[in-house]
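Just model17.cif here, mmCIF, C-alpha atoms and all ligand atoms:
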data_input
#
loop_
_atom_site.group_PDB
_atom_site.id
_atom_site.type_symbol
_atom_site.label_atom_id
_atom_site.label_comp_id
_atom_site.auth_asym_id
_atom_site.auth_seq_id
_atom_site.Cartn_x
_atom_site.Cartn_y
_atom_site.Cartn_z
ATOM 1 C CA MET A 1 -60.050 8.494 1.736
ATOM 2 C CA LYS A 2 -56.531 7.326 1.061
ATOM 3 C CA VAL A 3 -55.184 3.999 2.278
ATOM 4 C CA GLY A 4 -51.623 2.701 2.431
ATOM 5 C CA VAL A 5 -50.816 -1.016 2.242
ATOM 6 C CA ILE A 6 -47.349 -2.113 3.297
ATOM 7 C CA GLY A 7 -46.124 -5.448 1.959
ATOM 8 C CA LEU A 8 -47.844 -6.585 -1.238
ATOM 9 C CA GLY A 9 -47.486 -10.344 -0.785
ATOM 10 C CA THR A 10 -50.357 -12.815 -0.517
ATOM 11 C CA MET A 11 -52.378 -10.695 1.893
ATOM 12 C CA GLY A 12 -51.277 -7.147 1.079
ATOM 13 C CA ALA A 13 -51.963 -7.472 -2.660
ATOM 14 C CA GLY A 14 -55.439 -8.820 -1.883
ATOM 15 C CA ILE A 15 -56.141 -5.969 0.540
ATOM 16 C CA ALA A 16 -54.897 -3.379 -1.972
ATOM 17 C CA GLN A 17 -57.151 -4.946 -4.621
ATOM 18 C CA LEU A 18 -60.165 -4.640 -2.314
ATOM 19 C CA CYS A 19 -59.353 -0.986 -1.641
ATOM 20 C CA VAL A 20 -59.054 0.086 -5.284
ATOM 21 C CA GLU A 21 -62.192 -1.873 -6.201
ATOM 22 C CA ALA A 22 -64.038 0.011 -3.447
ATOM 23 C CA GLY A 23 -62.977 3.348 -4.951
ATOM 24 C CA VAL A 24 -60.281 4.103 -2.378
ATOM 25 C CA ASP A 25 -57.030 5.693 -3.560
ATOM 26 C CA THR A 26 -54.316 3.282 -2.471
ATOM 27 C CA VAL A 27 -50.559 3.463 -2.107
ATOM 28 C CA GLY A 28 -48.810 0.091 -1.943
ATOM 29 C CA ARG A 29 -45.306 -0.163 -0.550
ATOM 30 C CA GLU A 30 -42.902 -2.999 -1.280
ATOM 31 C CA VAL A 31 -39.194 -3.409 -0.552
ATOM 32 C CA THR A 32 -38.151 -3.401 -4.225
ATOM 33 C CA ALA A 33 -39.699 -1.812 -7.324
ATOM 34 C CA ASP A 34 -39.749 -5.237 -8.982
ATOM 35 C CA LEU A 35 -41.813 -6.825 -6.195
ATOM 36 C CA GLY A 36 -44.140 -3.822 -6.287
ATOM 37 C CA GLU A 37 -44.666 -4.100 -10.045
ATOM 38 C CA ARG A 38 -45.254 -7.833 -9.784
ATOM 39 C CA ALA A 39 -47.962 -7.185 -7.201
ATOM 40 C CA ARG A 40 -49.555 -4.550 -9.438
ATOM 41 C CA ASP A 41 -49.581 -7.076 -12.309
ATOM 42 C CA ARG A 42 -51.222 -9.697 -10.100
ATOM 43 C CA ILE A 43 -53.914 -7.248 -8.988
ATOM 44 C CA ALA A 44 -54.520 -6.065 -12.582
ATOM 45 C CA HIS A 45 -54.719 -9.708 -13.699
ATOM 46 C CA PHE A 46 -57.339 -10.611 -11.047
ATOM 47 C CA LEU A 47 -59.431 -7.587 -12.005
ATOM 48 C CA THR A 48 -59.208 -8.520 -15.698
ATOM 49 C CA ARG A 49 -60.428 -12.024 -14.815
ATOM 50 C CA LYS A 50 -63.432 -10.431 -13.091
ATOM 51 C CA VAL A 51 -64.223 -8.528 -16.311
ATOM 52 C CA GLU A 52 -63.952 -11.776 -18.292
ATOM 53 C CA LYS A 53 -66.333 -13.476 -15.874
ATOM 54 C CA GLY A 54 -68.813 -10.605 -16.199
ATOM 55 C CA GLN A 55 -68.351 -9.560 -12.562
ATOM 56 C CA LEU A 56 -66.845 -6.145 -13.321
ATOM 57 C CA GLU A 57 -67.174 -3.545 -16.109
ATOM 58 C CA GLN A 58 -64.029 -2.853 -18.117
ATOM 59 C CA GLU A 59 -64.204 0.865 -17.219
ATOM 60 C CA ALA A 60 -64.505 0.092 -13.523
ATOM 61 C CA ARG A 61 -61.539 -2.270 -13.816
ATOM 62 C CA ASP A 62 -59.401 0.408 -15.497
ATOM 63 C CA ALA A 63 -60.399 3.013 -12.907
ATOM 64 C CA ALA A 64 -59.548 0.582 -10.086
ATOM 65 C CA VAL A 65 -56.096 -0.164 -11.505
ATOM 66 C CA ALA A 66 -55.474 3.587 -11.922
ATOM 67 C CA ARG A 67 -56.242 4.154 -8.211
ATOM 68 C CA LEU A 68 -53.238 2.057 -7.198
ATOM 69 C CA SER A 69 -49.829 3.652 -6.906
ATOM 70 C CA ILE A 70 -46.784 1.611 -6.032
ATOM 71 C CA THR A 71 -43.735 2.845 -4.162
ATOM 72 C CA THR A 72 -40.678 1.671 -2.284
ATOM 73 C CA GLU A 73 -40.576 4.904 -0.253
ATOM 74 C CA LEU A 74 -42.358 4.849 3.072
ATOM 75 C CA ALA A 75 -42.526 8.664 2.915
ATOM 76 C CA ASP A 76 -45.078 8.318 0.088
ATOM 77 C CA LEU A 77 -47.582 7.083 2.681
ATOM 78 C CA ALA A 78 -47.514 10.429 4.476
ATOM 79 C CA GLY A 79 -50.937 11.513 3.189
ATOM 80 C CA CYS A 80 -52.794 8.308 4.091
ATOM 81 C CA ASP A 81 -55.805 8.249 6.424
ATOM 82 C CA LEU A 82 -55.224 4.600 7.292
ATOM 83 C CA VAL A 83 -52.274 2.273 6.715
ATOM 84 C CA VAL A 84 -52.560 -1.536 6.767
ATOM 85 C CA GLU A 85 -49.337 -3.413 7.431
ATOM 86 C CA ALA A 86 -49.015 -6.897 5.861
ATOM 87 C CA ILE A 87 -45.276 -7.613 5.989
ATOM 88 C CA VAL A 88 -43.482 -10.701 7.302
ATOM 89 C CA GLU A 89 -44.941 -12.196 10.515
ATOM 90 C CA GLU A 90 -42.135 -11.164 12.897
ATOM 91 C CA LEU A 91 -42.343 -8.753 15.789
ATOM 92 C CA ALA A 92 -39.104 -6.775 15.333
ATOM 93 C CA PRO A 93 -39.649 -5.693 11.681
ATOM 94 C CA LYS A 94 -43.272 -4.820 12.442
ATOM 95 C CA GLN A 95 -42.286 -2.728 15.479
ATOM 96 C CA GLU A 96 -39.584 -0.949 13.487
ATOM 97 C CA LEU A 97 -42.090 -0.197 10.729
ATOM 98 C CA PHE A 98 -44.740 1.165 13.120
ATOM 99 C CA ALA A 99 -42.175 3.441 14.800
ATOM 100 C CA GLU A 100 -41.228 4.777 11.366
ATOM 101 C CA LEU A 101 -44.876 5.181 10.318
ATOM 102 C CA GLU A 102 -45.504 7.228 13.440
ATOM 103 C CA ARG A 103 -42.785 9.647 12.324
ATOM 104 C CA ILE A 104 -44.012 9.840 8.734
ATOM 105 C CA CYS A 105 -47.820 9.882 8.963
ATOM 106 C CA ARG A 106 -50.191 12.541 10.328
ATOM 107 C CA PRO A 107 -51.059 12.137 14.024
ATOM 108 C CA ASP A 108 -54.611 11.118 13.105
ATOM 109 C CA THR A 109 -53.589 8.394 10.620
ATOM 110 C CA VAL A 110 -54.838 4.999 11.806
ATOM 111 C CA LEU A 111 -52.113 2.337 11.805
ATOM 112 C CA ALA A 112 -53.502 -1.175 11.318
ATOM 113 C CA THR A 113 -51.727 -4.531 11.364
ATOM 114 C CA ASN A 114 -52.897 -7.681 9.603
ATOM 115 C CA THR A 115 -50.942 -9.925 11.986
ATOM 116 C CA SER A 116 -52.458 -13.363 12.624
ATOM 117 C CA ALA A 117 -50.473 -14.500 15.641
ATOM 118 C CA LEU A 118 -48.520 -11.582 17.092
ATOM 119 C CA SER A 119 -49.836 -9.298 19.802
ATOM 120 C CA VAL A 120 -51.241 -6.041 18.395
ATOM 121 C CA THR A 121 -50.497 -4.466 21.783
ATOM 122 C CA GLU A 122 -46.806 -5.371 21.480
ATOM 123 C CA ILE A 123 -46.646 -3.943 17.954
ATOM 124 C CA ALA A 124 -48.342 -0.758 19.198
ATOM 125 C CA SER A 125 -45.856 -0.466 22.060
ATOM 126 C CA ALA A 126 -43.167 0.521 19.538
ATOM 127 C CA THR A 127 -45.027 3.824 19.027
ATOM 128 C CA SER A 128 -45.711 6.676 21.437
ATOM 129 C CA SER A 129 -49.307 6.899 20.127
ATOM 130 C CA PRO A 130 -50.754 3.393 20.670
ATOM 131 C CA ALA A 131 -54.319 4.781 20.628
ATOM 132 C CA ARG A 132 -54.179 4.823 16.838
ATOM 133 C CA VAL A 133 -52.947 1.244 16.418
ATOM 134 C CA VAL A 134 -55.528 -1.462 15.698
ATOM 135 C CA GLY A 135 -55.649 -4.985 14.258
ATOM 136 C CA MET A 136 -57.396 -5.616 10.932
ATOM 137 C CA HIS A 137 -57.169 -9.371 10.463
ATOM 138 C CA PHE A 138 -58.196 -10.316 6.937
ATOM 139 C CA PHE A 139 -58.496 -13.969 5.908
ATOM 140 C CA ASN A 140 -56.807 -15.596 2.951
ATOM 141 C CA PRO A 141 -57.674 -15.045 0.107
ATOM 142 C CA ALA A 142 -58.571 -11.496 1.187
ATOM 143 C CA PRO A 143 -60.621 -10.622 -1.911
ATOM 144 C CA LEU A 144 -62.874 -13.651 -1.357
ATOM 145 C CA MET A 145 -63.133 -14.277 2.385
ATOM 146 C CA PRO A 146 -65.858 -12.065 3.888
ATOM 147 C CA LEU A 147 -64.566 -11.845 7.473
ATOM 148 C CA VAL A 148 -62.286 -9.206 8.973
ATOM 149 C CA GLU A 149 -61.547 -9.308 12.704
ATOM 150 C CA ILE A 150 -61.161 -5.764 14.035
ATOM 151 C CA VAL A 151 -58.844 -6.185 16.987
ATOM 152 C CA ARG A 152 -58.753 -3.796 19.922
ATOM 153 C CA ALA A 153 -55.327 -3.729 21.573
ATOM 154 C CA GLU A 154 -54.973 -2.628 25.203
ATOM 155 C CA LEU A 155 -54.579 1.052 24.310
ATOM 156 C CA THR A 156 -56.504 1.280 21.014
ATOM 157 C CA GLY A 157 -58.721 4.378 20.936
ATOM 158 C CA ASP A 158 -62.392 4.287 19.902
ATOM 159 C CA GLU A 159 -61.778 6.515 16.892
ATOM 160 C CA ALA A 160 -59.103 4.275 15.342
ATOM 161 C CA PHE A 161 -61.164 1.176 16.132
ATOM 162 C CA GLU A 162 -64.300 2.504 14.476
ATOM 163 C CA THR A 163 -62.371 3.864 11.460
ATOM 164 C CA ALA A 164 -60.931 0.376 10.853
ATOM 165 C CA TYR A 165 -64.383 -1.185 11.330
ATOM 166 C CA GLU A 166 -65.957 1.241 8.850
ATOM 167 C CA LEU A 167 -63.214 0.679 6.266
ATOM 168 C CA ALA A 168 -63.770 -3.091 6.429
ATOM 169 C CA GLY A 169 -67.478 -2.491 5.752
ATOM 170 C CA ARG A 170 -66.657 -0.180 2.854
ATOM 171 C CA LEU A 171 -64.477 -2.933 1.374
ATOM 172 C CA GLY A 172 -67.566 -5.166 1.341
ATOM 173 C CA LYS A 173 -66.402 -7.278 4.268
ATOM 174 C CA HIS A 174 -68.199 -8.523 7.367
ATOM 175 C CA PRO A 175 -66.195 -7.048 10.257
ATOM 176 C CA ILE A 176 -66.438 -8.360 13.818
ATOM 177 C CA ARG A 177 -65.108 -6.652 16.947
ATOM 178 C CA CYS A 178 -62.763 -8.443 19.324
ATOM 179 C CA HIS A 179 -59.908 -7.933 21.759
ATOM 180 C CA ASP A 180 -56.207 -8.673 21.373
ATOM 181 C CA THR A 181 -55.919 -12.254 22.618
ATOM 182 C CA PRO A 182 -53.930 -15.101 21.002
ATOM 183 C CA GLY A 183 -55.655 -16.306 17.828
ATOM 184 C CA PHE A 184 -58.288 -13.570 18.189
ATOM 185 C CA VAL A 185 -61.640 -15.313 17.531
ATOM 186 C CA VAL A 186 -61.577 -17.637 14.530
ATOM 187 C CA ASN A 187 -58.067 -19.064 14.808
ATOM 188 C CA ARG A 188 -58.470 -19.503 18.581
ATOM 189 C CA VAL A 189 -61.340 -21.882 17.828
ATOM 190 C CA LEU A 190 -60.326 -23.305 14.455
ATOM 191 C CA ILE A 191 -56.678 -24.205 15.049
ATOM 192 C CA PRO A 192 -57.189 -26.561 18.017
ATOM 193 C CA LEU A 193 -60.299 -27.936 16.304
ATOM 194 C CA LEU A 194 -58.345 -28.850 13.160
ATOM 195 C CA ASN A 195 -55.631 -30.366 15.341
ATOM 196 C CA ASP A 196 -58.311 -32.491 17.043
ATOM 197 C CA CYS A 197 -59.509 -33.625 13.631
ATOM 198 C CA VAL A 198 -56.007 -34.789 12.686
ATOM 199 C CA ARG A 199 -55.599 -36.638 16.010
ATOM 200 C CA VAL A 200 -58.923 -38.392 15.412
ATOM 201 C CA LEU A 201 -57.565 -39.705 12.105
ATOM 202 C CA ASP A 202 -55.185 -41.931 14.054
ATOM 203 C CA GLU A 203 -57.274 -42.501 17.189
ATOM 204 C CA ALA A 204 -60.424 -43.629 15.367
ATOM 205 C CA ARG A 205 -58.514 -45.203 12.489
ATOM 206 C CA VAL A 206 -60.784 -43.326 10.099
ATOM 207 C CA SER A 207 -59.687 -42.571 6.541
ATOM 208 C CA VAL A 208 -59.029 -39.009 5.401
ATOM 209 C CA GLU A 209 -61.998 -39.225 3.017
ATOM 210 C CA ASP A 210 -64.331 -40.552 5.730
ATOM 211 C CA LEU A 211 -63.262 -37.924 8.266
ATOM 212 C CA ASP A 212 -63.959 -35.192 5.712
ATOM 213 C CA ALA A 213 -67.292 -36.782 4.826
ATOM 214 C CA GLY A 214 -68.107 -37.058 8.545
ATOM 215 C CA MET A 215 -67.578 -33.376 9.258
ATOM 216 C CA LYS A 216 -69.321 -32.266 6.053
ATOM 217 C CA HIS A 217 -72.377 -34.444 6.374
ATOM 218 C CA GLY A 218 -72.584 -34.709 10.157
ATOM 219 C CA ALA A 219 -71.554 -31.231 11.233
ATOM 220 C CA GLY A 220 -72.478 -29.163 8.176
ATOM 221 C CA TRP A 221 -68.935 -28.021 7.412
ATOM 222 C CA PRO A 222 -68.657 -26.626 3.867
ATOM 223 C CA MET A 223 -65.408 -28.546 3.387
ATOM 224 C CA GLY A 224 -63.733 -31.346 5.310
ATOM 225 C CA PRO A 225 -60.925 -30.598 7.801
ATOM 226 C CA CYS A 226 -58.288 -32.343 5.673
ATOM 227 C CA GLU A 227 -59.424 -30.475 2.572
ATOM 228 C CA LEU A 228 -59.261 -27.255 4.564
ATOM 229 C CA LEU A 229 -55.766 -27.993 5.891
ATOM 230 C CA ASP A 230 -54.572 -28.713 2.353
ATOM 231 C CA LEU A 231 -56.038 -25.391 1.233
ATOM 232 C CA VAL A 232 -54.534 -23.370 4.102
ATOM 233 C CA GLY A 233 -51.131 -25.061 3.741
ATOM 234 C CA ILE A 234 -49.833 -27.609 6.250
ATOM 235 C CA ASP A 235 -46.760 -25.448 7.010
ATOM 236 C CA ILE A 236 -48.894 -22.342 7.663
ATOM 237 C CA HIS A 237 -51.167 -24.318 9.986
ATOM 238 C CA VAL A 238 -48.225 -25.871 11.883
ATOM 239 C CA HIS A 239 -46.690 -22.422 12.299
ATOM 240 C CA ALA A 240 -49.977 -20.966 13.571
ATOM 241 C CA SER A 241 -50.422 -23.920 15.976
ATOM 242 C CA GLU A 242 -46.939 -23.407 17.385
ATOM 243 C CA ALA A 243 -47.624 -19.702 17.910
ATOM 244 C CA LEU A 244 -50.889 -20.399 19.715
ATOM 245 C CA TYR A 245 -49.398 -23.209 21.804
ATOM 246 C CA GLY A 246 -46.484 -20.952 22.743
ATOM 247 C CA LYS A 247 -48.905 -18.401 24.142
ATOM 248 C CA LEU A 248 -51.696 -20.516 25.657
ATOM 249 C CA ARG A 249 -49.873 -23.763 26.492
ATOM 250 C CA GLU A 250 -52.942 -25.914 25.936
ATOM 251 C CA PRO A 251 -51.971 -29.339 24.525
ATOM 252 C CA ARG A 252 -54.717 -29.166 21.871
ATOM 253 C CA MET A 253 -53.031 -26.086 20.383
ATOM 254 C CA ALA A 254 -49.788 -27.981 19.654
ATOM 255 C CA ALA A 255 -49.473 -29.298 16.100
ATOM 256 C CA PRO A 256 -49.983 -33.102 15.985
ATOM 257 C CA PRO A 257 -46.749 -34.966 15.053
ATOM 258 C CA ARG A 258 -48.435 -36.195 11.874
ATOM 259 C CA LEU A 259 -48.791 -32.610 10.626
ATOM 260 C CA VAL A 260 -45.235 -31.683 11.639
ATOM 261 C CA ALA A 261 -43.953 -34.706 9.690
ATOM 262 C CA MET A 262 -46.010 -33.698 6.653
ATOM 263 C CA ALA A 263 -44.635 -30.151 6.807
ATOM 264 C CA ASN A 264 -41.061 -31.442 7.115
ATOM 265 C CA ALA A 265 -41.578 -33.767 4.150
ATOM 266 C CA GLY A 266 -42.864 -30.952 1.954
ATOM 267 C CA LEU A 267 -46.413 -32.351 1.874
ATOM 268 C CA LEU A 268 -47.883 -28.880 2.196
ATOM 269 C CA GLY A 269 -51.262 -29.370 0.537
ATOM 270 C CA ARG A 270 -52.542 -27.764 -2.656
ATOM 271 C CA LYS A 271 -49.577 -25.462 -3.137
ATOM 272 C CA SER A 272 -47.069 -28.350 -3.250
ATOM 273 C CA GLY A 273 -49.367 -30.702 -5.179
ATOM 274 C CA ARG A 274 -49.704 -33.157 -2.317
ATOM 275 C CA GLY A 275 -50.947 -33.067 1.265
ATOM 276 C CA PHE A 276 -53.756 -35.247 2.600
ATOM 277 C CA TYR A 277 -54.862 -35.429 -1.029
ATOM 278 C CA THR A 278 -52.948 -35.370 -4.320
ATOM 279 C CA TYR A 279 -53.683 -32.440 -6.674
HETATM 280 N N1 LIG B 1 -51.140 -15.851 4.380
HETATM 281 C C1 LIG B 1 -52.174 -15.950 5.204
HETATM 282 O O1 LIG B 1 -52.934 -16.909 5.168
HETATM 283 C C2 LIG B 1 -52.449 -14.855 6.193
HETATM 284 C C3 LIG B 1 -53.759 -14.680 6.674
HETATM 285 C C4 LIG B 1 -54.044 -13.633 7.550
HETATM 286 C C5 LIG B 1 -53.001 -12.806 7.968
HETATM 287 N N2 LIG B 1 -51.734 -12.997 7.518
HETATM 288 C C6 LIG B 1 -50.691 -12.079 7.983
HETATM 289 O O2 LIG B 1 -50.451 -11.113 6.974
HETATM 290 C C7 LIG B 1 -49.081 -10.718 6.998
HETATM 291 C C8 LIG B 1 -48.467 -10.960 5.629
HETATM 292 O O3 LIG B 1 -48.566 -12.316 5.305
HETATM 293 P P1 LIG B 1 -48.439 -12.846 3.800
HETATM 294 O O4 LIG B 1 -48.866 -14.259 3.809
HETATM 295 O O5 LIG B 1 -49.108 -11.885 2.875
HETATM 296 O O6 LIG B 1 -46.855 -12.762 3.598
HETATM 297 P P2 LIG B 1 -46.021 -12.714 2.232
HETATM 298 O O7 LIG B 1 -44.690 -13.254 2.552
HETATM 299 O O8 LIG B 1 -46.815 -13.291 1.097
HETATM 300 O O9 LIG B 1 -45.889 -11.145 1.941
HETATM 301 C C9 LIG B 1 -45.137 -10.264 2.709
HETATM 302 C C10 LIG B 1 -44.627 -9.171 1.769
HETATM 303 O O10 LIG B 1 -44.118 -8.091 2.547
HETATM 304 C C11 LIG B 1 -42.973 -7.573 1.899
HETATM 305 N N3 LIG B 1 -42.223 -6.836 2.907
HETATM 306 C C12 LIG B 1 -41.454 -7.316 3.911
HETATM 307 N N4 LIG B 1 -40.992 -6.294 4.660
HETATM 308 C C13 LIG B 1 -41.482 -5.149 4.123
HETATM 309 C C14 LIG B 1 -41.381 -3.765 4.436
HETATM 310 N N5 LIG B 1 -40.668 -3.340 5.487
HETATM 311 N N6 LIG B 1 -42.043 -2.871 3.661
HETATM 312 C C15 LIG B 1 -42.761 -3.293 2.623
HETATM 313 N N7 LIG B 1 -42.900 -4.589 2.276
HETATM 314 C C16 LIG B 1 -42.282 -5.496 3.016
HETATM 315 C C17 LIG B 1 -42.288 -8.792 1.308
HETATM 316 O O11 LIG B 1 -41.452 -8.419 0.238
HETATM 317 C C18 LIG B 1 -43.481 -9.645 0.855
HETATM 318 O O12 LIG B 1 -43.841 -9.365 -0.481
HETATM 319 C C19 LIG B 1 -48.426 -11.507 8.138
HETATM 320 O O13 LIG B 1 -48.450 -10.725 9.311
HETATM 321 C C20 LIG B 1 -49.350 -12.714 8.262
HETATM 322 O O14 LIG B 1 -49.320 -13.291 9.537
HETATM 323 C C21 LIG B 1 -51.437 -13.995 6.621
#

Rewritten as structure tokens:
Amino acid sequence: MKVGVIGLGTMGAGIAQLCVEAGVDTVGREVTADLGERARDRIAHFLTRKVEKGQLEQEARDAAVARLSITTELADLAGCDLVVEAIVEELAPKQELFAELERICRPDTVLATNTSALSVTEIASATSSPARVVGMHFFNPAPLMPLVEIVRAELTGDEAFETAYELAGRLGKHPIRCHDTPGFVVNRVLIPLLNDCVRVLDEARVSVEDLDAGMKHGAGWPMGPCELLDLVGIDIHVHASEALYGKLREPRMAAPPRLVAMANAGLLGRKSGRGFYTY
């Protein structure tokens, strides 16, 4: 099997890493050779760390790195059995890319999108073969998070759907099947829930530490909601909330003003050194 990954940023590089580790020949496409090489270095670095930690044999690491080829030419994805798109989260570039992929790839190549908040059906509508378009929603960081939501758009065919499901299993993930609705499954539940948690901070006048302790020790969460928001990134969460609110119009989906203010102030969580906590 040969897989193409388009966009080797946070998600795409992680997905490409999973593929080569699983023994799948992988072609990664970036917009510039420099970005592509930087992604290859990151992937090679993560695999080296696994060798150092005793999680991977050196030979297996070298073979995995050798399975990855990097290109800036979309035409180099012509021989792929499945392509996962992980470019910027905007409809127009994704639609343009899928229309181009349809021209380049074989008719039986499955075209998957890793979109979190866009409609897979709308992305598929840019092609004349929507039966082969499916959502494969990995979670960040892709190499570590076990879940992949396999998303059936309105016109997704069974063959493409099952091929995506099987690939997720081969990558060592736990795939679940769902339909193309805003937020799919996990974000549809988690985003308003985290927003509720932030509103409770002010309503119940509870401290950040006590709210986190409450949800960990009273509800069995592995980490507190504020810790989780800091890990996800306040800006990412606000963006996802806005997308969900825009589609479903439920007040709980809208980002609480406190989070919007934090995002505007650059208090983004772990990645900026300060969010609910200081790092
Ligand atoms: N970051 C997350 O937590 C997360 C989680 C799940 C899903 N997603 C989704 O995954 C996708 C990618 O997100 P990300 O966080 O990895 O973004 P990112 O900005 O880290 O990476 C995107 C990469 O795509 C490249 N790119 C842009 N246009 C391209 C093109 N036409 N061809 C090839 N490469 C191109 C960019 O150079 C960049 O390196 C988005 O749809 C996002 O919604 C993100």

### Message
Once the PyMOL selection byres (((not hetatm)) within 10 of (chain B and resi 1)) has been evaluated on this model, what residues remain selected, and can you format them as a count of residues only?
### Response
60

### Output check: residues returned by the PyMOL selection byres (((chain A and resi 21) around 10) and not hetatm), as a list in words
Ile15, Ala16, Gln17, Leu18, Cys19, Val20, Ala22, Gly23, Val24, Asp25, Leu47, Leu56, Ala60, Arg61, Asp62, Ala63, Ala64, Val65, Arg67, Leu68, Pro143, Leu171 and Gly172 of chain A

Could those selected residues go to a file with C-alpha atoms, as an mmCIF file, in the frame of the given file?
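Written file, out08.cif:
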data_model
loop_
_atom_site.group_PDB
_atom_site.id
_atom_site.type_symbol
_atom_site.label_atom_id
_atom_site.label_comp_id
_atom_site.auth_asym_id
_atom_site.auth_seq_id
_atom_site.Cartn_x
_atom_site.Cartn_y
_atom_site.Cartn_z
ATOM 1 C CA ILE A 15 -56.141 -5.969 0.540
ATOM 2 C CA ALA A 16 -54.897 -3.379 -1.972
ATOM 3 C CA GLN A 17 -57.151 -4.946 -4.621
ATOM 4 C CA LEU A 18 -60.165 -4.640 -2.314
ATOM 5 C CA CYS A 19 -59.353 -0.986 -1.641
ATOM 6 C CA VAL A 20 -59.054 0.086 -5.284
ATOM 7 C CA ALA A 22 -64.038 0.011 -3.447
ATOM 8 C CA GLY A 23 -62.977 3.348 -4.951
ATOM 9 C CA VAL A 24 -60.281 4.103 -2.378
ATOM 10 C CA ASP A 25 -57.030 5.693 -3.560
ATOM 11 C CA LEU A 47 -59.431 -7.587 -12.005
ATOM 12 C CA LEU A 56 -66.845 -6.145 -13.321
ATOM 13 C CA ALA A 60 -64.505 0.092 -13.523
ATOM 14 C CA ARG A 61 -61.539 -2.270 -13.816
ATOM 15 C CA ASP A 62 -59.401 0.408 -15.497
ATOM 16 C CA ALA A 63 -60.399 3.013 -12.907
ATOM 17 C CA ALA A 64 -59.548 0.582 -10.086
ATOM 18 C CA VAL A 65 -56.096 -0.164 -11.505
ATOM 19 C CA ARG A 67 -56.242 4.154 -8.211
ATOM 20 C CA LEU A 68 -53.238 2.057 -7.198
ATOM 21 C CA PRO A 143 -60.621 -10.622 -1.911
ATOM 22 C CA LEU A 171 -64.477 -2.933 1.374
ATOM 23 C CA GLY A 172 -67.566 -5.166 1.341
#

### Query
Which residue out of A:Arg252, A:His45, A:Arg199, A:Arg132 has the minimum interatomic distance to Ala160 in chain A when all atoms listed in the file are used?
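Ranked by minimum distance to Ala160 in chain A, first place goes to A:Arg132.
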
### Task
Please provide the set of residues having any atom within 9 Å of Glu159 in chain A, restricted to only C-alpha atoms, with same-chain residues fewer than 3 positions apart removed, written as a list in words.
Val110, Ala131, Arg132, Thr156, Glu162, Thr163 and Ala164 of chain A

### Message
Which residues are close to Pro192 in chain A, i.e. within 10 Å by all atoms listed in the file, leaving aside same-chain residues fewer than 6 positions away? Reply as a PyMOL selection string.
### Response
chain A and resi 198+241+244-245+250-256

### Between CA of Lys173 in chain A and CA of Arg106 in chain A - distance in Å to one decimal
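CA of Arg106 in chain A sits 26.3 Å away from CA of Lys173 in chain A.
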
### Message
Residues within 12 Å of Pro130 in chain A, please, as a ChimeraX atom specification. Count only C-alpha atoms; anything in the same chain fewer than 5 positions from it doesn't count.
### Response
/A:95,98-99,102,107-112,120-125,135,152-158,160-161

### Query
Rounded to one decimal in Å, what is the spacing between CA of Val151 in chain A and CA of Arg177 in chain A?
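Between CA of Val151 in chain A and CA of Arg177 in chain A the gap is 6.3 Å.
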
### Pairwise distance for CA of Gly4 in chain A and CA of Ser128 in chain A, rounded to one decimal in Å
20.3 Å
